[in-house]
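Okay, so here's the structure we're looking at.
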Amino acid sequence: MEESRKRRRAPVLPWMRSPVDVSQFEECPLHLLPCLDTRLKAALENMGFSSLFPVQVAVWQETIGPGAFERDLCINSPTGSGKTLAYALPIVQMLSKRAVKRLRALVVLPTRDLALQVKEVFGAIAPDVGLSVGLAIGQSSIAQEILELIKRPNTEAGICYDPEYHFNELQSAVDILVATPGRLMDHITSTKGFTLEHLRYLVVDETDRLLREAYQSWLPTVLKVTHSYDEDLMNHVDSIPTFGFPKTMRRCGVERGFKGKPYPRLVKMVLSATLTQDPSKIAQLDLHHPLLLTTGKMRYQLPEKLESYKVICDSKLKPVYLIALLQNLGGEKCIVFTSSVESTHRLCTLLSFFDDLKVKVKEFSGLQRQSVRSKTLKAFREGEIQVVVSSDAMTRGMDVEGVRNVINYDMPAYVKTYIHRAGRTARAGQTGRCFTLLRKHEVKRFGKLLQKVDNDSCPVYSVPSSCVESFQATYITALEKLKEAVESETSRKLDSRIKSSRGK
Ligand SMILES: Nc1ncnc2c1ncn2[C@@H]1O[C@H](COP(=O)(O)OP(=O)(O)OP(=O)(O)O)[C@@H](O)[C@H]1O
C-alpha cells in the first residue's frame, strides 16, 4: 500500500526522478567543511552555529564543492531544515572574491516579512566579507529605497545631481538584493541606474507560492532582462566597451562547457518545503540542467521531531476548546491559524474578552499595516506575547525561536498548507506539536489529507472536559461582547467611508 502510494507520486519530469537525497547527508562541523572562508566560519560561529545542517552540506557540495554551480538547483527540503543559509552561504562565499561592487545576487520572496527575515541571515554573514545587502520590499518610500540601492556619483560643488545626466555613473550600492516581486518590478521599470546586467545568482524562495501568482510578470521580466544581457554579451563578446564600466566576470565571461551560454551564466536556485512538480510551472523558471535535492522518498516531509494531534470538538464550542487547549499548554509560545483574515480578527477579539486567560494574545494579519505586524512579531520573538493568531500571513517561512506549538483552529484545506503551518514549530531539529481542531464531520477528510505526508500518525489529544466546562459561562458573555464589538466596528467603518466620500 505504502509502496504503491509512493509510486503513484513519482516525479513527472525526467530529471526529478534521480534526485540527490539530502537525508543521506550528515551535519558537518564548520571546521571540517571544505573551502569555507575563515571570515564566514567566524560569522557563523557568532550566530551560534557550530555545524551545517544536511541540506546546507548538500547544497555546499553542489556549489562550492565539486558541483561548482554547474547546474541550477531545485531544493525541496522540510520546513525549518535551514534552506536560507543553504543558499546564502555559498552565494556570499562566491561573491566575497568580487573586485567591484555590482548587483550580483537577487533573492525573491513572496512577502515583506519573509524578505526581512532572509535579509537578516545575509546581513549576519555578508558584511564580514565586505559585501552589502539591500532590501526592495516597499517598506519605505521608493525614493528612500533608491537612496539605499543606488550609489550617486560625487558631484562637484555647485553641480546638481541629475539621474538623467549622470545615468552612466550610477552604480549599485549593494551586492545582494532581497526583494518582493512588486517593488522589484518598480525598480526594474523606473529606477535609474538599477540593473540586473551583472546578476549571477537568482534565488526564488518559496517557489511554489511565487509561481502561483504572476505578481506583475516579475519572473519573465527578470529572465528577459538577464537574457538580453546574455545575448548582447554573446554577440559582442570581443567588443565590450570597458571604459566607464569596470569589467565584471559576468559581462566579460566566455562560454565554458555550455553551448550558447555565456559563462558564468545566471545560476538559479529555487526552494520550498513543498516544491512544485508541475512541468508547466517549472518550465517558467527556464532552468539550466537542473538538479533536484530532496529529503527522503515521499514528496512531502514533516519535520522529524514534529508531533501531530487532532482535537475533536463540539461544533458550537470550538472557541472554548481552543481556550482550554491554550490553558493546558501553559504559557508556551504558540501560533493559532485560522482560515481567513476576518476570522483571525473575530477570534482575536473574542479571546480578548476572556479576562482569566493567562497568556497574551495578538492578531497578525495581512490586513494590518507592515509596522503593526513588525511590532507584533518583535514582541512575539521577545516573549512579551505568547500567542499569535494568524491567517496565512504567517504560514510560510516565518522563523520565530521557541514556538513550541501550532494550533490549526480551522482545518487546512490543502496538505501544503498543513505542512507550512505545522512547520512554524519543530524547526532546526527542535521538538514541536501541531494540534488541529476538528469537528466530527471533518475527521475523515483530515485523515485523507495527512496520508500525503511521510508521517501521518496523528492521535487524538483530549482536552480535559472539566477545563472546557469551566470556560463555558465566560464564553456566553464573551459572545455577546463580540457581537457588540462587531456592530460598533461596522458602524465606525461606515461613518469613515461616508466622511471620506463627502470630502471628495
Ligand atoms: N547550521 C545551523 N545551525 C543551527 N541552526 C541553524 C543552522 N542553519 C539554520 N539554522 C536555524 O534553523 C532555523 C530554520 O532555518 P530556515 O528559516 O532557513 O529554515 P527553512 O528550511 O527555510 O524553513 P521554511 O521552509 O519554513 O522556510 C532558523 O532559526 C535558523 O537560524
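Starting from 1 in every chain, residues are counted up; chains themselves are A, B, ... following the order of the C-alpha cells, and ligands are numbered from 1 as listed.
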
Environment of ligand 1 within 7 Å, counting only C-alpha atoms and all ligand atoms, reported as a list of chain:residue names: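 Using only C-alpha atoms and all ligand atoms, everything at most 7 Å from ligand 1 comes to A:Gly48, A:Phe49, A:Ser50, A:Ser51, A:Leu52, A:Phe53, A:Ser77, A:Pro78, A:Thr79, A:Gly80, A:Ser81, A:Gly82, A:Lys83, A:Thr84, A:Leu85, A:Ser272, A:Ala273, A:Arg396, A:Gly397, A:Met398, A:Asp399, A:Val400, A:Glu401, A:His420, A:Gly423, A:Arg424, A:Arg427, A:Ala428.
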
Emit the selected residues as an mmCIF file, in the first residue's frame, including C-alpha atoms.
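Saved the output as result-v3.cif:
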```cif
data_model
loop_
_atom_site.group_PDB
_atom_site.id
_atom_site.type_symbol
_atom_site.label_atom_id
_atom_site.label_comp_id
_atom_site.auth_asym_id
_atom_site.auth_seq_id
_atom_site.Cartn_x
_atom_site.Cartn_y
_atom_site.Cartn_z
ATOM 1 C CA GLY A 48 25.868 30.360 17.436
ATOM 2 C CA PHE A 49 26.220 27.782 14.634
ATOM 3 C CA SER A 50 28.889 25.117 15.028
ATOM 4 C CA SER A 51 27.955 22.870 12.116
ATOM 5 C CA LEU A 52 25.991 22.912 8.864
ATOM 6 C CA PHE A 53 22.688 21.062 8.555
ATOM 7 C CA SER A 77 13.553 20.186 1.991
ATOM 8 C CA PRO A 78 11.316 20.248 5.080
ATOM 9 C CA THR A 79 10.338 23.405 6.924
ATOM 10 C CA GLY A 80 12.967 24.549 9.418
ATOM 11 C CA SER A 81 15.743 22.480 7.830
ATOM 12 C CA GLY A 82 17.871 25.580 7.154
ATOM 13 C CA LYS A 83 17.250 26.329 3.472
ATOM 14 C CA THR A 84 18.016 30.049 3.866
ATOM 15 C CA LEU A 85 21.616 29.536 4.908
ATOM 16 C CA SER A 272 10.411 25.231 -0.979
ATOM 17 C CA ALA A 273 9.276 22.675 1.580
ATOM 18 C CA ARG A 396 5.168 30.245 5.183
ATOM 19 C CA GLY A 397 8.763 30.626 6.127
ATOM 20 C CA MET A 398 8.362 32.617 9.336
ATOM 21 C CA ASP A 399 11.033 31.642 11.809
ATOM 22 C CA VAL A 400 10.349 32.512 15.443
ATOM 23 C CA GLU A 401 12.530 30.849 18.009
ATOM 24 C CA HIS A 420 3.804 25.129 6.121
ATOM 25 C CA GLY A 423 6.439 23.885 10.119
ATOM 26 C CA ARG A 424 6.409 27.029 12.256
ATOM 27 C CA ARG A 427 12.404 23.866 13.478
ATOM 28 C CA ALA A 428 16.160 23.359 13.358
#
```

Shell around Ile188 of chain A at 12 Å using only C-alpha atoms, local window under 3 positions removed, as a VMD selection string: chain A and resid 136 146 179 181 to 185 191 to 197 216 to 219 221 to 226

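The shell of residues at most 10 Å from Tyr414 of chain A, with only C-alpha atoms counted and near chain neighbours (fewer than 6 positions) removed, consists of Phe446, Leu449 and Leu450 of chain A.
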
Export, as a PDB file, in the first residue's frame, the selected residues with N, CA and C atoms.
```
ATOM      1  N   PHE A 446      -9.621  15.084   7.057  1.00  0.00           N
ATOM      2  CA  PHE A 446      -8.299  15.429   7.577  1.00  0.00           C
ATOM      3  C   PHE A 446      -7.350  14.226   7.500  1.00  0.00           C
ATOM      4  N   LEU A 449      -6.077  13.896   4.052  1.00  0.00           N
ATOM      5  CA  LEU A 449      -5.094  14.945   3.758  1.00  0.00           C
ATOM      6  C   LEU A 449      -3.713  14.557   4.317  1.00  0.00           C
ATOM      7  N   LEU A 450      -3.716  13.994   5.517  1.00  0.00           N
ATOM      8  CA  LEU A 450      -2.433  13.629   6.140  1.00  0.00           C
ATOM      9  C   LEU A 450      -1.749  12.442   5.465  1.00  0.00           C
TER      10      LEU A 450
END
```

All alpha helix (DSSP H) residues (DSSP, backbone) inside segment 8-246 of chain A, as a ChimeraX atom specification: /A:8,38-46,54-63,83-95,112-125,142-149,181-190,207-212,218-235

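For the choices A:Leu271, A:Ile137, A:Leu202, A:Leu325, the atom-to-atom distance to Lys310 of chain A is smallest for A:Leu325 when using only C-alpha atoms.
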
Distance in Å - atom CA of Leu30 of chain A versus atom CA of Arg200 of chain A: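 We find that atom CA of Leu30 of chain A and atom CA of Arg200 of chain A lie 25.8 Å from each other.
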
Interatomic distance, atom CA of Gln93 of chain A to atom CA of Thr276 of chain A (Å, one decimal):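 Pair atom CA of Gln93 of chain A / atom CA of Thr276 of chain A returns 28.4 Å.
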
Could you pull the residues within 9 Å of Leu95 of chain A, counting only C-alpha atoms, minus those fewer than 2 positions along the same chain, as a tab-separated table (two decimals) with N, CA and C atoms, in the first residue's frame?
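Full text of result-v9.tsv as output:
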```tsv
chain	number	residue	atom	x	y	z
A	90	PRO	N	26.84	29.76	0.24
A	90	PRO	CA	27.66	29.66	-0.97
A	90	PRO	C	27.66	30.92	-1.82
A	91	ILE	N	26.53	31.62	-1.87
A	91	ILE	CA	26.49	32.85	-2.67
A	91	ILE	C	27.45	33.88	-2.07
A	92	VAL	N	27.38	34.05	-0.76
A	92	VAL	CA	28.26	35.04	-0.11
A	92	VAL	C	29.72	34.63	-0.28
A	93	GLN	N	29.99	33.35	-0.13
A	93	GLN	CA	31.39	32.91	-0.29
A	93	GLN	C	31.89	33.21	-1.71
A	97	LYS	N	34.79	37.16	-3.41
A	97	LYS	CA	36.00	37.37	-4.23
A	97	LYS	C	35.81	38.48	-5.26
A	98	ARG	N	34.66	39.10	-5.28
A	98	ARG	CA	34.39	40.09	-6.33
A	98	ARG	C	35.29	41.32	-6.15
A	99	ALA	N	35.64	41.93	-7.31
A	99	ALA	CA	36.54	43.07	-7.25
A	99	ALA	C	35.79	44.39	-7.13
A	104	ARG	N	24.80	41.47	-7.86
A	104	ARG	CA	25.09	40.16	-8.44
A	104	ARG	C	24.20	39.04	-7.95
A	105	ALA	N	23.51	39.27	-6.85
A	105	ALA	CA	22.62	38.21	-6.36
A	105	ALA	C	21.26	38.81	-6.04
A	129	VAL	N	32.59	39.77	4.85
A	129	VAL	CA	33.49	39.62	3.69
A	129	VAL	C	33.36	40.83	2.77
A	131	LEU	N	30.66	42.56	1.77
A	131	LEU	CA	29.52	42.68	0.85
A	131	LEU	C	28.37	43.41	1.52
A	175	ASP	N	25.52	44.46	-3.18
A	175	ASP	CA	25.94	43.29	-3.94
A	175	ASP	C	24.80	42.27	-4.02
```

All residues 12 Å or closer to Ser339 of chain A, only C-alpha atoms, same chain fewer than 4 positions away omitted, as a PyMOL selection string: chain A and resi 343-347+365+389-395+407-414+417-418+421

For the residues in the current selection, export C-alpha atoms as a compact mmCIF listing (two decimals), in the first residue's frame.
```txt
# COMPACT_ATOMS: atom_id res chain seq x y z
CA SER A 343 -11.89 35.02 11.31
CA THR A 344 -8.45 35.90 12.67
CA HIS A 345 -9.79 39.29 13.69
CA ARG A 346 -13.01 37.86 15.14
CA LEU A 347 -11.24 35.14 17.09
CA SER A 365 -2.81 39.52 9.60
CA VAL A 389 -3.48 34.38 15.91
CA SER A 390 -2.82 34.47 12.20
CA SER A 391 -4.34 33.72 8.85
CA ASP A 392 -1.99 32.80 6.03
CA ALA A 393 0.27 35.77 6.76
CA MET A 394 2.46 33.61 8.99
CA THR A 395 2.03 30.27 7.27
CA ILE A 407 -2.82 25.15 16.51
CA ASN A 408 -4.94 24.83 13.39
CA TYR A 409 -8.11 26.46 14.64
CA ASP A 410 -9.55 25.88 11.19
CA MET A 411 -8.57 22.73 9.40
CA PRO A 412 -6.25 23.50 6.47
CA ALA A 413 -7.80 22.82 3.10
CA TYR A 414 -4.59 21.52 1.49
CA THR A 417 -0.98 24.47 3.98
CA TYR A 418 -0.72 21.90 6.75
CA ARG A 421 1.65 25.91 9.15
```

Selection near segment 287-293 of chain A, 8 Å with only C-alpha atoms, sequence-local residues under 6 positions removed, as a list in words: Trp15, Met16, Ser18, Pro19, Val20, Asp21, Val22, Ala58, Arg71, Asp72, Leu73, Cys74, Ile75, Asn76, Ser77 and Lys268 of chain A

Serialized selection, C-alpha atoms, as an mmCIF file, in the first residue's frame:
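Below is the file that was written, again.cif:
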```cif
data_model
loop_
_atom_site.group_PDB
_atom_site.id
_atom_site.type_symbol
_atom_site.label_atom_id
_atom_site.label_comp_id
_atom_site.auth_asym_id
_atom_site.auth_seq_id
_atom_site.Cartn_x
_atom_site.Cartn_y
_atom_site.Cartn_z
ATOM 1 C CA TRP A 15 15.487 14.864 -14.054
ATOM 2 C CA MET A 16 13.262 14.787 -10.980
ATOM 3 C CA SER A 18 17.068 10.951 -9.972
ATOM 4 C CA PRO A 19 17.364 13.433 -7.121
ATOM 5 C CA VAL A 20 20.113 13.859 -4.580
ATOM 6 C CA ASP A 21 18.699 12.515 -1.309
ATOM 7 C CA VAL A 22 19.531 15.052 1.383
ATOM 8 C CA ALA A 58 24.322 19.008 0.202
ATOM 9 C CA ARG A 71 23.662 23.150 -12.547
ATOM 10 C CA ASP A 72 20.599 25.039 -11.390
ATOM 11 C CA LEU A 73 19.341 23.668 -8.088
ATOM 12 C CA CYS A 74 15.802 22.793 -7.024
ATOM 13 C CA ILE A 75 15.738 22.250 -3.292
ATOM 14 C CA ASN A 76 12.792 20.513 -1.677
ATOM 15 C CA SER A 77 13.553 20.186 1.991
ATOM 16 C CA LYS A 268 19.232 29.755 -10.326
#
```

One-decimal distance in Å that lies between atom CA of Val118 of chain A and atom CA of Arg102 of chain A: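 Rounded to one decimal, the two atoms are 19.8 Å apart.
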
Near-Leu437 of chain A list (12 Å; only C-alpha atoms; drop same-chain fewer than 5 positions) as a PyMOL selection string: chain A and resi 308-315+317-325+336-338+406-412+442-443+446+460-463

How would the residues just picked look written out with N, CA and C atoms as a CSV table (one decimal), in the first residue's frame?
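Final output, selection-v9.csv:
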```csv
chain,number,residue,atom,x,y,z
A,308,SER,N,2.0,15.4,15.6
A,308,SER,CA,0.7,15.9,15.2
A,308,SER,C,-0.4,15.3,16.1
A,309,TYR,N,-1.4,16.2,16.4
A,309,TYR,CA,-2.5,15.7,17.2
A,309,TYR,C,-3.8,16.3,16.6
A,310,LYS,N,-4.9,15.5,16.8
A,310,LYS,CA,-6.2,16.1,16.4
A,310,LYS,C,-7.0,16.3,17.7
A,311,VAL,N,-7.7,17.4,17.8
A,311,VAL,CA,-8.6,17.7,18.9
A,311,VAL,C,-10.0,17.8,18.4
A,312,ILE,N,-10.8,16.8,18.8
A,312,ILE,CA,-12.1,16.7,18.2
A,312,ILE,C,-13.1,17.5,19.1
A,313,CYS,N,-13.8,18.4,18.5
A,313,CYS,CA,-14.6,19.3,19.4
A,313,CYS,C,-16.0,19.5,18.9
A,314,ASP,N,-16.8,19.9,19.9
A,314,ASP,CA,-18.2,20.1,19.6
A,314,ASP,C,-18.3,21.4,18.8
A,315,SER,N,-19.0,21.4,17.7
A,315,SER,CA,-19.0,22.5,16.7
A,315,SER,C,-19.3,23.8,17.4
A,317,LEU,N,-18.8,24.8,20.3
A,317,LEU,CA,-17.9,25.2,21.4
A,317,LEU,C,-16.4,25.3,21.0
A,318,LYS,N,-16.2,25.4,19.7
A,318,LYS,CA,-14.8,25.4,19.2
A,318,LYS,C,-13.9,26.4,19.9
A,319,PRO,N,-14.4,27.7,20.1
A,319,PRO,CA,-13.5,28.6,20.7
A,319,PRO,C,-13.2,28.2,22.2
A,320,VAL,N,-14.1,27.5,22.8
A,320,VAL,CA,-13.9,27.1,24.2
A,320,VAL,C,-12.8,26.0,24.2
A,321,TYR,N,-12.9,25.1,23.3
A,321,TYR,CA,-11.9,24.1,23.2
A,321,TYR,C,-10.5,24.7,23.0
A,322,LEU,N,-10.5,25.8,22.1
A,322,LEU,CA,-9.2,26.4,21.9
A,322,LEU,C,-8.6,27.0,23.2
A,323,ILE,N,-9.5,27.7,23.9
A,323,ILE,CA,-9.1,28.3,25.2
A,323,ILE,C,-8.6,27.3,26.2
A,324,ALA,N,-9.4,26.2,26.2
A,324,ALA,CA,-9.0,25.1,27.2
A,324,ALA,C,-7.6,24.5,26.8
A,325,LEU,N,-7.4,24.4,25.5
A,325,LEU,CA,-6.1,23.9,25.0
A,325,LEU,C,-5.0,24.8,25.3
A,336,VAL,N,-1.7,30.3,16.4
A,336,VAL,CA,-3.1,29.7,16.1
A,336,VAL,C,-3.4,30.2,14.7
A,337,PHE,N,-3.7,29.2,13.8
A,337,PHE,CA,-4.0,29.6,12.4
A,337,PHE,C,-5.5,29.5,12.2
A,338,THR,N,-6.0,30.5,11.5
A,338,THR,CA,-7.4,30.4,11.1
A,338,THR,C,-7.5,30.5,9.5
A,406,VAL,N,1.8,24.7,17.4
A,406,VAL,CA,1.0,25.3,16.4
A,406,VAL,C,-0.4,24.8,16.5
A,407,ILE,N,-1.4,25.6,16.4
A,407,ILE,CA,-2.8,25.1,16.5
A,407,ILE,C,-3.6,25.5,15.2
A,408,ASN,N,-4.1,24.5,14.5
A,408,ASN,CA,-4.9,24.8,13.4
A,408,ASN,C,-6.3,25.0,13.9
A,409,TYR,N,-6.7,26.2,14.1
A,409,TYR,CA,-8.1,26.5,14.6
A,409,TYR,C,-9.1,26.0,13.6
A,410,ASP,N,-8.8,26.4,12.3
A,410,ASP,CA,-9.6,25.9,11.2
A,410,ASP,C,-8.7,24.9,10.5
A,411,MET,N,-9.3,23.8,10.1
A,411,MET,CA,-8.6,22.7,9.4
A,411,MET,C,-8.0,23.3,8.1
A,412,PRO,N,-6.8,23.0,7.8
A,412,PRO,CA,-6.2,23.5,6.5
A,412,PRO,C,-6.9,22.7,5.3
A,442,GLU,N,-15.3,16.5,10.0
A,442,GLU,CA,-14.0,16.9,9.3
A,442,GLU,C,-12.9,15.8,9.5
A,443,VAL,N,-13.2,14.9,10.4
A,443,VAL,CA,-12.1,14.0,10.8
A,443,VAL,C,-11.6,13.1,9.6
A,446,PHE,N,-9.6,15.1,7.1
A,446,PHE,CA,-8.3,15.4,7.6
A,446,PHE,C,-7.3,14.2,7.5
A,460,VAL,N,-5.5,11.3,18.8
A,460,VAL,CA,-6.4,12.3,19.4
A,460,VAL,C,-5.8,12.8,20.7
A,461,TYR,N,-5.9,14.1,20.8
A,461,TYR,CA,-5.5,14.8,22.0
A,461,TYR,C,-6.7,15.2,22.8
A,462,SER,N,-6.9,14.7,24.0
A,462,SER,CA,-8.1,15.0,24.7
A,462,SER,C,-7.9,16.2,25.7
A,463,VAL,N,-8.7,17.2,25.4
A,463,VAL,CA,-8.7,18.4,26.3
A,463,VAL,C,-9.6,18.1,27.5
```
